[in-house]
>>> print(open('run-v5.cif').read())   # mmCIF, C-alpha atoms
data_model
loop_
_atom_site.label_atom_id
_atom_site.label_comp_id
_atom_site.auth_asym_id
_atom_site.auth_seq_id
_atom_site.Cartn_x
_atom_site.Cartn_y
_atom_site.Cartn_z
CA MET A 1 -38.59 46.71 103.96
CA HIS A 2 -40.68 46.84 100.78
CA VAL A 3 -40.61 43.73 98.55
CA VAL A 4 -42.14 43.52 95.08
CA ILE A 5 -42.72 40.04 93.63
CA PHE A 6 -43.22 40.37 89.88
CA GLU A 7 -44.34 38.19 87.00
CA GLY A 8 -42.46 38.53 83.72
CA SER A 9 -43.13 37.21 80.25
CA TYR A 10 -41.24 33.99 81.15
CA TRP A 11 -44.35 32.54 82.84
CA LYS A 12 -45.38 30.63 79.70
CA THR A 13 -42.72 27.97 80.33
CA PHE A 14 -44.76 26.91 83.37
CA ALA A 15 -47.91 26.07 81.41
CA PRO A 16 -50.40 24.58 81.98
CA LEU A 17 -50.21 25.36 85.72
CA ALA A 18 -49.34 29.04 85.21
CA LEU A 19 -52.29 29.51 82.85
CA SER A 20 -54.57 29.66 85.89
CA ARG A 21 -52.39 31.32 88.56
CA PRO A 22 -49.51 33.79 88.95
CA VAL A 23 -46.21 31.98 88.58
CA PHE A 24 -45.27 32.66 92.22
CA MET A 25 -48.26 30.56 93.31
CA LEU A 26 -46.64 27.40 91.97
CA GLY A 27 -45.66 25.01 94.73
CA THR A 28 -42.66 22.98 95.75
CA GLY A 29 -42.02 21.19 99.02
CA MET A 30 -44.71 22.21 101.51
CA ALA A 31 -45.34 25.73 100.22
CA THR A 32 -45.72 28.03 97.25
CA LEU A 33 -42.84 30.03 95.84
CA LEU A 34 -44.52 33.13 97.29
CA GLU A 35 -44.67 31.67 100.80
CA LYS A 36 -40.97 30.84 100.60
CA GLN A 37 -40.16 34.32 99.30
CA VAL A 38 -42.02 35.96 102.18
CA ARG A 39 -40.35 33.64 104.69
CA HIS A 40 -36.79 34.37 103.58
CA LEU A 41 -37.13 38.04 102.58
CA ALA A 42 -39.16 39.03 105.68
CA PRO A 43 -40.78 42.15 104.16
CA SER A 44 -42.60 44.76 106.20
CA ARG A 45 -44.80 45.44 103.16
CA LEU A 46 -45.37 43.53 99.94
CA THR A 47 -46.51 44.36 96.42
CA LEU A 48 -47.50 41.76 93.83
CA TRP A 49 -47.13 42.58 90.14
CA VAL A 50 -49.33 40.15 88.21
CA ARG A 51 -51.01 39.85 84.84
CA PRO A 52 -54.02 42.20 84.75
CA GLU A 53 -56.34 39.21 84.43
CA PHE A 54 -55.13 37.99 87.85
CA GLU A 55 -55.57 41.27 89.75
CA GLU A 56 -58.98 40.20 91.06
CA LEU A 57 -57.63 36.77 92.02
CA ALA A 58 -54.63 38.29 93.80
CA ARG A 59 -56.76 40.76 95.78
CA ALA A 60 -59.49 38.28 96.71
CA ARG A 61 -57.55 35.04 97.26
CA ILE A 62 -53.84 35.73 97.74
CA ALA A 63 -53.36 39.04 99.58
CA PRO A 64 -55.84 38.30 102.43
CA ARG A 65 -53.92 35.13 103.35
CA LEU A 66 -50.58 36.87 103.78
CA LYS A 67 -49.48 38.14 107.18
CA VAL A 68 -47.90 41.29 105.74
CA PRO A 69 -49.69 44.32 104.21
CA THR A 70 -50.00 43.55 100.49
CA ALA A 71 -50.83 45.70 97.46
CA VAL A 72 -51.46 44.51 93.90
CA ASN A 73 -50.06 46.12 90.73
CA GLU A 74 -49.20 49.42 92.39
CA PRO A 75 -46.09 51.29 91.12
CA LEU A 76 -43.12 51.99 93.35
CA ASP A 77 -43.22 54.97 95.68
CA GLU A 78 -40.41 56.85 97.43
CA GLU A 79 -39.42 53.91 99.62
CA PRO A 80 -36.56 51.73 98.32
CA ALA A 81 -37.81 48.33 97.17
CA LEU A 82 -36.42 44.89 96.49
CA LEU A 83 -37.77 43.59 93.17
CA VAL A 84 -37.77 39.78 92.96
CA SER A 85 -38.85 37.58 90.06
CA GLY A 86 -41.86 35.44 90.93
CA ARG A 87 -40.08 32.32 89.69
CA THR A 88 -37.35 32.59 92.31
CA LEU A 89 -37.01 29.63 94.67
CA HIS A 90 -35.57 30.81 97.99
CA VAL A 91 -33.74 28.27 100.11
CA ARG A 92 -32.26 30.40 102.89
CA LYS A 93 -32.45 33.84 104.48
CA PHE A 94 -31.67 36.73 102.15
CA ALA A 95 -29.02 39.33 103.02
CA TRP A 96 -30.38 42.73 102.02
CA PRO A 97 -27.98 45.02 100.09
CA GLU A 98 -27.19 48.51 101.32
CA GLU A 99 -26.99 50.22 97.91
CA PRO A 100 -28.92 49.94 94.63
CA SER A 101 -27.83 46.77 92.85
CA VAL A 102 -29.09 43.99 90.60
CA VAL A 103 -28.91 40.27 89.89
CA ALA A 104 -29.27 39.54 86.18
CA ASP A 105 -29.58 36.33 84.20
CA GLU A 106 -28.68 35.88 80.57
CA PRO A 107 -30.03 37.11 78.22
CA GLY A 108 -30.47 40.34 80.17
CA LEU A 109 -33.27 39.27 82.50
CA VAL A 110 -33.68 41.00 85.86
CA ARG A 111 -33.81 38.37 88.56
CA CYS A 112 -33.61 40.66 91.58
CA ALA A 113 -32.92 44.39 92.04
CA TYR A 114 -32.72 46.76 94.99
CA VAL A 115 -33.80 50.19 93.76
CA LYS A 116 -35.35 53.54 94.54
CA GLU A 117 -37.33 54.24 91.38
CA PRO A 118 -40.64 56.01 92.14
CA GLY A 119 -43.16 55.30 89.42
CA LEU A 120 -41.55 52.08 88.18
CA SER A 121 -44.47 49.77 87.45
CA ARG A 122 -45.66 46.34 86.47
CA GLU A 123 -45.92 47.53 82.88
CA ASP A 124 -42.20 48.39 82.88
CA ALA A 125 -41.32 44.87 84.02
CA TRP A 126 -43.74 43.17 81.63
CA ASN A 127 -42.84 45.23 78.56
CA ARG A 128 -39.12 45.50 79.38
CA THR A 129 -39.16 49.26 78.88
CA ASP A 130 -35.99 51.35 78.68
CA ARG A 131 -36.50 52.27 82.32
CA TRP A 132 -36.65 48.61 83.27
CA LEU A 133 -33.63 47.63 81.17
CA LYS A 134 -31.64 50.43 82.78
CA LEU A 135 -31.70 48.35 85.99
CA LEU A 136 -29.22 46.02 84.28
CA GLU A 137 -26.62 48.79 84.53
CA LEU A 138 -26.65 48.72 88.35
CA PRO A 139 -23.76 47.12 90.28
CA ARG A 140 -24.17 43.39 90.75
CA MET A 141 -25.18 41.94 94.11
CA PRO A 142 -24.57 38.40 95.45
CA PHE A 143 -27.67 36.23 95.42
CA GLU A 144 -26.70 32.82 96.73
CA SER A 145 -29.82 32.30 98.82
CA ALA A 146 -32.04 31.36 95.89
CA ARG A 147 -32.18 29.88 92.41
CA MET A 148 -34.23 30.73 89.34
CA VAL A 149 -36.55 27.98 88.13
CA GLU A 150 -37.44 27.77 84.45
CA SER A 151 -40.00 24.97 84.21
CA LEU A 152 -42.33 22.70 86.14
CA TRP A 153 -39.78 19.89 85.98
CA ASP A 154 -37.29 22.17 87.76
CA LEU A 155 -39.76 22.32 90.65
CA VAL A 156 -40.07 18.52 90.63
CA SER A 157 -36.26 18.22 90.59
CA TYR A 158 -35.91 20.53 93.59
CA ASN A 159 -38.81 19.05 95.55
CA GLU A 160 -36.76 16.83 97.87
CA GLU A 161 -34.52 19.75 98.80
CA SER A 162 -37.57 22.01 99.29
CA LEU A 163 -39.20 19.48 101.60
CA ILE A 164 -36.10 19.27 103.77
CA GLU A 165 -35.83 23.06 103.95
CA ASP A 166 -39.52 23.50 104.79
CA TYR A 167 -39.28 20.82 107.48
CA ALA A 168 -36.75 22.94 109.36
CA HIS A 169 -39.42 25.62 109.91
CA LEU A 170 -42.10 23.42 111.48
CA LYS A 171 -43.14 24.03 115.08
CA ASP A 172 -42.19 21.09 117.27
CA GLY A 173 -44.96 21.98 119.71
CA GLU A 174 -47.54 20.74 117.19
CA ARG A 175 -45.86 17.35 116.77
CA ALA A 176 -47.29 14.10 118.16
CA ALA A 177 -45.33 10.94 118.93
CA VAL A 178 -45.81 7.99 116.57
CA ARG A 179 -47.02 5.08 118.68
CA PRO A 180 -47.85 1.45 117.85
CA PRO A 181 -49.60 0.04 115.91
CA ALA A 182 -48.06 2.64 113.55
CA HIS A 183 -44.28 2.55 113.15
CA ALA A 184 -41.67 5.26 112.61
CA VAL A 185 -38.18 4.71 111.20
CA ASN A 186 -35.71 7.40 112.31
CA ALA A 187 -38.47 9.03 114.36
CA GLU A 188 -36.59 12.31 114.82
CA ASP A 189 -37.28 13.05 111.15
CA VAL A 190 -40.92 12.02 111.27
CA TYR A 191 -43.42 14.82 111.95
CA VAL A 192 -47.04 13.95 112.62
CA HIS A 193 -49.28 16.86 113.59
CA HIS A 194 -51.15 16.18 116.82
CA GLU A 195 -54.44 16.60 114.93
CA ALA A 196 -53.51 14.05 112.24
CA SER A 197 -54.44 10.36 112.41
CA LEU A 198 -52.55 7.17 111.59
CA ALA A 199 -54.26 3.79 111.11
CA PRO A 200 -52.72 0.47 112.24
CA GLY A 201 -49.73 -0.78 110.27
CA VAL A 202 -48.65 2.58 108.87
CA VAL A 203 -44.87 2.86 108.33
CA LEU A 204 -43.32 6.34 108.22
CA ASP A 205 -39.70 6.01 107.08
CA GLY A 206 -37.59 9.08 107.82
CA SER A 207 -34.25 7.40 107.16
CA LYS A 208 -33.74 9.21 103.83
CA GLY A 209 -35.47 12.48 104.71
CA PRO A 210 -38.38 13.90 106.72
CA VAL A 211 -41.90 12.51 106.56
CA ILE A 212 -44.46 15.24 107.35
CA ILE A 213 -48.14 14.57 108.06
CA ASP A 214 -49.96 17.90 108.44
CA ARG A 215 -53.00 18.78 110.54
CA HIS A 216 -56.20 16.76 110.11
CA ALA A 217 -54.57 14.52 107.50
CA SER A 218 -55.21 10.79 107.77
CA VAL A 219 -53.10 7.85 106.64
CA GLY A 220 -54.83 4.52 105.99
CA ALA A 221 -53.82 1.10 107.28
CA ASN A 222 -50.61 -0.54 106.06
CA SER A 223 -49.50 2.46 104.01
CA VAL A 224 -45.77 3.10 103.63
CA LEU A 225 -44.43 6.65 103.34
CA VAL A 226 -40.72 7.17 102.64
CA GLY A 227 -39.25 10.62 103.13
CA PRO A 228 -38.72 13.24 102.18
CA CYS A 229 -42.45 13.52 101.58
CA TYR A 230 -45.39 15.64 102.70
CA VAL A 231 -49.11 15.02 103.24
CA GLY A 232 -51.02 18.30 103.48
CA PRO A 233 -53.91 19.43 105.70
CA TYR A 234 -57.10 17.35 105.51
CA ALA A 235 -55.56 15.05 102.90
CA VAL A 236 -56.53 11.37 102.90
CA VAL A 237 -54.03 8.60 102.16
CA ARG A 238 -55.95 5.42 101.37
CA PRO A 239 -54.96 2.05 102.91
CA LEU A 240 -52.04 0.21 101.29
CA THR A 241 -50.71 3.37 99.61
CA VAL A 242 -46.99 3.68 98.87
CA ILE A 243 -45.56 7.23 98.83
CA ARG A 244 -41.94 7.48 97.77
CA PRO A 245 -39.35 10.25 98.25
CA GLY A 246 -39.85 13.67 96.71
CA THR A 247 -43.65 13.62 96.91
CA SER A 248 -45.89 16.49 98.05
CA ILE A 249 -49.63 15.91 98.55
CA GLY A 250 -51.71 19.10 98.76
CA THR A 251 -54.62 20.18 100.95
CA MET A 252 -57.70 17.92 100.91
CA CYS A 253 -56.27 15.53 98.31
CA LYS A 254 -57.25 11.87 98.32
CA VAL A 255 -54.51 9.52 97.17
CA GLY A 256 -53.89 5.81 96.77
CA GLY A 257 -51.74 3.37 94.82
CA GLU A 258 -48.09 4.36 94.33
CA ILE A 259 -46.76 7.91 94.05
CA SER A 260 -43.12 8.84 93.59
CA ASN A 261 -41.31 12.19 93.29
CA SER A 262 -44.46 14.09 92.33
CA ILE A 263 -46.22 17.31 93.31
CA ILE A 264 -50.02 17.24 93.62
CA PHE A 265 -51.87 20.50 94.28
CA GLY A 266 -54.85 20.72 96.62
CA TYR A 267 -58.29 19.19 96.10
CA SER A 268 -57.04 16.65 93.58
CA ASN A 269 -57.82 12.93 93.71
CA LYS A 270 -55.75 9.90 92.84
CA SER A 271 -57.72 7.63 95.11
CA HIS A 272 -57.12 4.24 93.50
CA ASP A 273 -54.40 1.89 92.34
CA GLY A 274 -52.07 3.11 89.62
CA TYR A 275 -48.63 4.68 89.43
CA LEU A 276 -47.86 8.41 89.39
CA GLY A 277 -44.18 9.24 89.04
CA ASP A 278 -42.05 12.35 88.46
CA SER A 279 -45.13 14.42 87.65
CA TYR A 280 -46.72 17.78 88.43
CA VAL A 281 -50.50 17.78 88.98
CA GLY A 282 -52.71 20.86 89.36
CA LYS A 283 -55.78 21.55 91.51
CA TRP A 284 -59.15 19.79 91.24
CA VAL A 285 -57.70 17.01 89.09
CA ASN A 286 -59.20 13.52 89.20
CA LEU A 287 -57.19 10.51 88.03
CA GLY A 288 -59.51 7.55 87.44
CA ALA A 289 -58.81 4.10 88.87
CA GLY A 290 -55.81 2.44 87.26
CA THR A 291 -54.48 5.64 85.67
CA CYS A 292 -50.72 5.20 85.27
CA THR A 293 -47.88 7.45 84.18
CA SER A 294 -44.74 6.25 82.47
CA ASN A 295 -41.72 8.20 83.69
CA ILE A 296 -38.85 6.45 81.85
CA LYS A 297 -38.41 5.80 78.14
CA ASN A 298 -37.72 2.26 76.96
CA THR A 299 -34.42 3.57 75.58
CA TYR A 300 -33.56 5.19 78.95
CA GLY A 301 -32.80 8.33 76.96
CA PRO A 302 -33.58 11.99 77.82
CA ILE A 303 -37.27 12.90 77.94
CA THR A 304 -38.85 15.74 75.99
CA MET A 305 -42.18 17.39 76.77
CA LYS A 306 -44.62 17.58 73.88
CA MET A 307 -45.95 21.15 73.46
CA GLY A 308 -47.98 21.70 70.31
CA ASN A 309 -45.65 20.87 67.44
CA ARG A 310 -42.55 21.29 69.61
CA GLU A 311 -40.53 18.81 71.63
CA VAL A 312 -39.22 20.69 74.69
CA PRO A 313 -36.15 19.10 76.35
CA THR A 314 -36.60 18.48 80.08
CA GLY A 315 -32.97 17.57 80.78
CA ARG A 316 -34.27 14.58 82.74
CA ARG A 317 -34.22 10.84 82.11
CA SER A 318 -37.13 10.38 84.51
CA PHE A 319 -40.21 12.50 83.96
CA GLY A 320 -43.91 11.70 83.80
CA SER A 321 -46.69 14.19 83.08
CA VAL A 322 -47.77 17.74 83.73
CA ILE A 323 -51.52 17.96 84.31
CA GLY A 324 -53.45 21.22 84.41
CA ASP A 325 -56.20 22.20 86.85
CA HIS A 326 -59.62 20.53 86.51
CA THR A 327 -58.38 17.78 84.18
CA LYS A 328 -59.86 14.31 84.60
CA THR A 329 -58.88 10.88 83.34
CA ALA A 330 -61.08 7.79 82.96
CA ILE A 331 -60.22 4.39 84.41
CA LEU A 332 -57.09 2.68 83.08
CA THR A 333 -55.80 5.81 81.34
CA ARG A 334 -52.19 5.40 80.22
CA LEU A 335 -49.94 8.46 80.08
CA MET A 336 -46.54 8.18 78.42
CA SER A 337 -43.42 9.96 79.67
CA GLY A 338 -43.35 13.64 78.74
CA THR A 339 -47.14 14.02 78.51
CA TYR A 340 -48.78 17.46 78.62
CA LEU A 341 -52.44 17.66 79.64
CA GLY A 342 -53.77 21.21 79.62
CA PHE A 343 -56.31 23.00 81.79
CA CYS A 344 -59.78 21.42 81.99
CA CYS A 345 -59.24 18.38 79.78
CA GLN A 346 -61.37 15.24 79.81
CA LEU A 347 -59.74 11.92 78.87
CA ALA A 348 -62.12 9.05 78.17
CA GLY A 349 -60.35 7.03 75.48
CA SER A 350 -59.32 3.37 75.68
CA ALA A 351 -56.02 3.76 73.78
CA ILE A 352 -52.78 5.28 75.07
CA ALA A 353 -53.47 8.98 75.56
CA PRO A 354 -51.82 11.50 73.24
CA ARG A 355 -48.64 13.06 74.65
CA PHE A 356 -50.14 16.51 74.13
CA LEU A 357 -53.70 17.63 74.78
CA PRO A 358 -54.27 21.40 74.78
CA SER A 359 -56.51 23.05 77.36
CA TYR A 360 -60.27 22.50 77.00
CA THR A 361 -59.95 19.25 75.07
CA TYR A 362 -62.31 16.27 75.26
CA TRP A 363 -60.50 13.11 74.12
CA THR A 364 -62.27 9.81 73.40
CA ASP A 365 -61.80 6.94 70.97
CA ARG A 366 -63.25 9.24 68.32
CA GLY A 367 -60.28 11.57 68.80
CA ALA A 368 -59.83 15.03 70.31
CA GLU A 369 -62.52 17.69 70.17
CA ALA A 370 -63.11 21.03 71.86
CA TYR A 371 -64.58 20.94 75.36
CA ARG A 372 -67.33 23.54 75.49
CA MET A 373 -66.97 26.32 78.06
CA ASP A 374 -70.57 26.05 79.27
CA LYS A 375 -70.12 22.31 79.89
CA ALA A 376 -66.77 22.87 81.63
CA VAL A 377 -68.27 25.49 83.95
CA GLU A 378 -71.18 23.18 84.75
CA VAL A 379 -68.83 20.31 85.69
CA VAL A 380 -66.57 22.54 87.81
CA ARG A 381 -69.62 23.87 89.66
CA ARG A 382 -70.63 20.29 90.51
CA VAL A 383 -67.12 19.37 91.63
CA PHE A 384 -66.91 22.42 93.87
CA GLY A 385 -70.25 21.52 95.40
CA ARG A 386 -68.85 18.13 96.44
CA ARG A 387 -66.36 20.03 98.64
CA ASP A 388 -68.90 22.55 99.99
CA ARG A 389 -67.57 25.34 97.80
CA GLU A 390 -69.35 27.55 95.27
CA LEU A 391 -68.02 28.57 91.87
CA ASP A 392 -67.81 32.37 91.97
CA ALA A 393 -66.98 35.13 89.51
CA VAL A 394 -63.26 34.97 90.31
CA ASP A 395 -63.10 31.27 89.38
CA GLU A 396 -65.16 31.71 86.24
CA ASN A 397 -63.08 34.67 85.09
CA VAL A 398 -59.94 32.57 85.45
CA MET A 399 -61.52 29.80 83.39
CA ARG A 400 -62.40 32.24 80.62
CA TYR A 401 -58.94 33.80 80.70
CA VAL A 402 -57.36 30.36 80.25
CA ALA A 403 -59.66 29.64 77.29
CA GLU A 404 -58.57 32.89 75.63
CA THR A 405 -54.87 32.60 76.41
CA ALA A 406 -54.06 28.91 76.11
CA PRO A 407 -54.20 28.60 72.30
CA SER A 408 -51.28 31.01 71.83
CA VAL A 409 -49.27 29.53 74.72
CA GLU A 410 -49.78 25.90 73.73
CA ALA A 411 -49.28 26.34 69.98
#
>>> encode(input="run-v5.cif", output="structure tokens")
Amino acid sequence: MHVVIFEGSYWKTFAPLALSRPVFMLGTGMATLLEKQVRHLAPSRLTLWVRPEFEELARARIAPRLKVPTAVNEPLDEEPALLVSGRTLHVRKFAWPEEPSVVADEPGLVRCAYVKEPGLSREDAWNRTDRWLKLLELPRMPFESARMVESLWDLVSYNEESLIEDYAHLKDGERAAVRPPAHAVNAEDVYVHHEASLAPGVVLDGSKGPVIIDRHASVGANSVLVGPCYVGPYAVVRPLTVIRPGTSIGTMCKVGGEISNSIIFGYSNKSHDGYLGDSYVGKWVNLGAGTCTSNIKNTYGPITMKMGNREVPTGRRSFGSVIGDHTKTAILTRLMSGTYLGFCCQLAGSAIAPRFLPSYTYWTDRGAEAYRMDKAVEVVRRVFGRRDRELDAVDENVMRYVAETAPSVEA
């Protein structure tokens, strides 16, 4: 079966994270949206329709990691194909239709379609051509195995459910028993990979949902992890850390302090004391010691996200911050509820940080100023070197694309 995962113009609602990756590479639970789509759709071949600026990224970094033959930005051929929006969160196995059909969202957005349309292309989906809009005339199909997400806070809201669903697909043969001096509560819902390590006094509480410690991760002494939560491969949980339900820690992260109901992408550090709650954090982020997020207003009212001159409703009464890739905060940085920090920002002020900092901003007590591209590239190259990785042309092209695109998205 041929599956096409496509990006549409709706990706901007996922800024700043979607500025630097296709929307289907956003994560929830233990995996990306793409990994969940492949799991539940079980394609025999896959095509990714992405923004032209991400073609190189998709071919070099995404397609080689998939276990199914994958093409990028190729039009449909004679084989019938299932077209699926990249912002679809799958939660169970999909039942393939037998005839051409469509799932549509208001106002006239194609969510999923089963078609035989040779020549239909990424440009049709992106530009909503007449040929693309004609798909809306197809008979409707049931689509109860997934939901459409519209924002980063949707992914935070669904994270507990995603963790529970991902847990069901783990291989028990890789699990190790939790033995003293570590302690497991409701051990049947505690998964520790046999190559992970637990220090004395660690408490893994699976009474409210699964606790998953992935391969080569380590959990420091006297830390308490309450499920559902996930600690990714090679991640380090510092001693005395508290991780609360709904939290996902990505590959090679280093975390400490208290974290609740938050998603942290790989290679990011929150190594010290400080509270992170109801937030979405990108890759290669560093939160300085004592950095704290507020996630509830003093009025206990609904939280809006500051975006340029707009206040975007989140529909939540608990929400912290969204933080783009490569952003860094100084010690004791204070982030109010509904804060937006763009891609590659530097925060070094002593006052409460602004609720909105666009990408490539350097903020100090003097105010906000532009963060020069040459300086940003230099810093990223140093950070990569600390993890034995080199900054290559793919990474630098993404950085330049964000610099060109962000001003219109974040206005």
>>> closest_residue(input="run-v5.cif", among="A:Leu57, A:Val3, A:Leu332, A:Leu155", to="Gly290 of chain A", atoms="all atoms listed in the file")
A:Leu332
>>> axis_aligned_box(input="run-v5.cif", around="segment 330-336 of chain A", padding_each_side="4 Å", output="AutoDock Vina command-line options")
--center_x -53.8 --center_y 5.6 --center_z 81.4 --size_x 22.5 --size_y 13.8 --size_z 14.0
>>> resolve_selection(input="run-v5.cif", expression="the PyMOL selection byres ((chain A and resi 212-214) around 7)", output="CSV table (one decimal) with C-alpha atoms, keeping the file's coordinate frame")
chain,number,residue,atom,x,y,z
A,190,VAL,CA,-40.9,12.0,111.3
A,191,TYR,CA,-43.4,14.8,112.0
A,192,VAL,CA,-47.0,14.0,112.6
A,193,HIS,CA,-49.3,16.9,113.6
A,196,ALA,CA,-53.5,14.0,112.2
A,210,PRO,CA,-38.4,13.9,106.7
A,211,VAL,CA,-41.9,12.5,106.6
A,215,ARG,CA,-53.0,18.8,110.5
A,216,HIS,CA,-56.2,16.8,110.1
A,217,ALA,CA,-54.6,14.5,107.5
A,229,CYS,CA,-42.4,13.5,101.6
A,230,TYR,CA,-45.4,15.6,102.7
A,231,VAL,CA,-49.1,15.0,103.2
A,232,GLY,CA,-51.0,18.3,103.5
A,233,PRO,CA,-53.9,19.4,105.7
>>> resolve_selection(input="run-v5.cif", expression="the PyMOL selection byres ((chain A and resi 104-114) around 10)", output="number ranges by chain")
A: 2-6, 8, 10, 80-88, 96-103, 115-117, 125, 128, 132-133, 135-141, 143, 147-148
>>> resolve_selection(input="run-v5.cif", expression="the PyMOL selection byres ((chain A and resi 316) around 10)", output="list of chain:residue names")
A:Trp153, A:Asp154, A:Ser157, A:Asp278, A:Asn295, A:Ile296, A:Gly301, A:Pro302, A:Ile303, A:Thr304, A:Pro313, A:Thr314, A:Gly315, A:Arg317, A:Ser318, A:Phe319, A:Gly338
>>> residues_around(input="run-v5.cif", residues="Ser268 of chain A", least_positions_apart="4", cutoff="7 Å", atoms="all atoms listed in the file", output="count of residues only")
6
>>> residues_around(input="run-v5.cif", residues="Asn159 of chain A", least_positions_apart="2", cutoff="9 Å", atoms="all atoms listed in the file", output="list of chain:residue names")
A:Thr28, A:Gly29, A:Met30, A:Asp154, A:Leu155, A:Val156, A:Ser157, A:Glu161, A:Ser162, A:Leu163, A:Ile164, A:Pro228, A:Cys229, A:Gly246, A:Thr247, A:Ser248, A:Asn261, A:Ser262, A:Ile263
>>> residues_around(input="run-v5.cif", residues="Leu357 of chain A", least_positions_apart="4", cutoff="9 Å", atoms="all atoms listed in the file", output="list in words")
Met307, Gly308, Thr339, Tyr340, Leu341, Gly342, Cys345, Ala353, Thr361, Tyr362, Trp363 and Ala368 of chain A
>>> residues_around(input="run-v5.cif", residues="Val394 of chain A", least_positions_apart="5", cutoff="10 Å", atoms="all atoms listed in the file", output="MDAnalysis selection string")
chainID A and resid 54:58 60:61 399
>>> atom_distance(input="run-v5.cif", atom1="atom CA of Ser197 of chain A", atom2="atom CA of Pro180 of chain A")
12.3 Å
>>> residues_around(input="run-v5.cif", residues="Pro358 of chain A", least_positions_apart="4", cutoff="12 Å", atoms="only C-alpha atoms", output="VMD selection string")
chain A and resid 15 to 16 19 306 to 309 322 to 324 327 339 to 347 354 362 to 363 368 to 371 402 to 403 405 to 411
>>> atom_distance(input="run-v5.cif", atom1="atom CA of Pro245 of chain A", atom2="atom CA of Gly227 of chain A")
4.9 Å
>>> closest_residue(input="run-v5.cif", among="A:His326, A:Val219, A:Arg310, A:Ser260", to="Leu287 of chain A", atoms="only C-alpha atoms")
A:His326
>>> atom_distance(input="run-v5.cif", atom1="atom CA of Leu26 of chain A", atom2="atom CA of Thr291 of chain A")
24.0 Å
>>> closest_residue(input="run-v5.cif", among="A:Pro142, A:Arg131, A:Gln37, A:Trp126", to="Val91 of chain A", atoms="only C-alpha atoms")
A:Gln37
>>> closest_atom_pairs(input="run-v5.cif", of="segment 91-146 of chain A", to="segment 70-78 of chain A", cutoff="7 Å", atoms="all atoms listed in the file", output="tab-separated table")
residue	atom	partner	partner_atom	distance
A:Lys116	CA	A:Glu78	CA	6.7
A:Glu117	CA	A:Leu76	CA	6.5
A:Pro118	CA	A:Asp77	CA	4.5
A:Gly119	CA	A:Leu76	CA	5.1
A:Leu120	CA	A:Leu76	CA	5.4
A:Ser121	CA	A:Pro75	CA	4.3
A:Arg122	CA	A:Asn73	CA	6.1
>>> write_last_selection(input="run-v5.cif", atoms="C-alpha atoms", output="PDB file, in the coordinates of the input")
ATOM      1  CA  LYS A 116     -35.350  53.540  94.540  1.00  0.00           C
ATOM      2  CA  GLU A 117     -37.330  54.240  91.380  1.00  0.00           C
ATOM      3  CA  PRO A 118     -40.640  56.010  92.140  1.00  0.00           C
ATOM      4  CA  GLY A 119     -43.160  55.300  89.420  1.00  0.00           C
ATOM      5  CA  LEU A 120     -41.550  52.080  88.180  1.00  0.00           C
ATOM      6  CA  SER A 121     -44.470  49.770  87.450  1.00  0.00           C
ATOM      7  CA  ARG A 122     -45.660  46.340  86.470  1.00  0.00           C
TER       8      ARG A 122
END
>>> closest_residue(input="run-v5.cif", among="A:Glu79, A:Leu391, A:Glu144, A:Glu150", to="Val23 of chain A", atoms="all atoms listed in the file")
A:Glu150
>>> residues_near_point(input="run-v5.cif", point="(-45.5, 3.2, 82.5)", cutoff="10 Å", atoms="all atoms listed in the file", output="VMD selection string")
chain A and resid 274 to 277 291 to 298 320 334 to 337
>>> closest_residue(input="run-v5.cif", among="A:Arg21, A:Lys328, A:Arg65, A:Arg355", to="Val380 of chain A", atoms="all atoms listed in the file")
A:Lys328
>>> build_atoms(input="run-v5.cif", residues="segment 109-117 of chain A", atoms="N, CA and C atoms", output="PDB file, in the coordinates of the input")
ATOM      1  N   LEU A 109     -32.040  39.320  81.721  1.00  0.00           N
ATOM      2  CA  LEU A 109     -33.270  39.270  82.500  1.00  0.00           C
ATOM      3  C   LEU A 109     -32.980  39.690  83.933  1.00  0.00           C
ATOM      4  N   VAL A 110     -33.825  40.570  84.477  1.00  0.00           N
ATOM      5  CA  VAL A 110     -33.680  41.000  85.860  1.00  0.00           C
ATOM      6  C   VAL A 110     -34.249  39.912  86.767  1.00  0.00           C
ATOM      7  N   ARG A 111     -33.398  39.400  87.610  1.00  0.00           N
ATOM      8  CA  ARG A 111     -33.810  38.370  88.560  1.00  0.00           C
ATOM      9  C   ARG A 111     -34.177  39.000  89.900  1.00  0.00           C
ATOM     10  N   CYS A 112     -33.395  39.985  90.300  1.00  0.00           N
ATOM     11  CA  CYS A 112     -33.610  40.660  91.580  1.00  0.00           C
ATOM     12  C   CYS A 112     -32.920  42.024  91.490  1.00  0.00           C
ATOM     13  N   ALA A 113     -33.541  43.061  92.055  1.00  0.00           N
ATOM     14  CA  ALA A 113     -32.920  44.390  92.040  1.00  0.00           C
ATOM     15  C   ALA A 113     -33.358  45.159  93.271  1.00  0.00           C
ATOM     16  N   TYR A 114     -32.421  45.872  93.862  1.00  0.00           N
ATOM     17  CA  TYR A 114     -32.720  46.760  94.990  1.00  0.00           C
ATOM     18  C   TYR A 114     -32.625  48.179  94.455  1.00  0.00           C
ATOM     19  N   VAL A 115     -33.752  48.897  94.452  1.00  0.00           N
ATOM     20  CA  VAL A 115     -33.800  50.190  93.760  1.00  0.00           C
ATOM     21  C   VAL A 115     -34.641  51.202  94.541  1.00  0.00           C
ATOM     22  N   LYS A 116     -34.434  52.465  94.169  1.00  0.00           N
ATOM     23  CA  LYS A 116     -35.350  53.540  94.540  1.00  0.00           C
ATOM     24  C   LYS A 116     -35.735  54.220  93.241  1.00  0.00           C
ATOM     25  N   GLU A 117     -36.867  53.789  92.688  1.00  0.00           N
ATOM     26  CA  GLU A 117     -37.330  54.240  91.380  1.00  0.00           C
ATOM     27  C   GLU A 117     -38.821  54.559  91.439  1.00  0.00           C
TER      28      GLU A 117
END
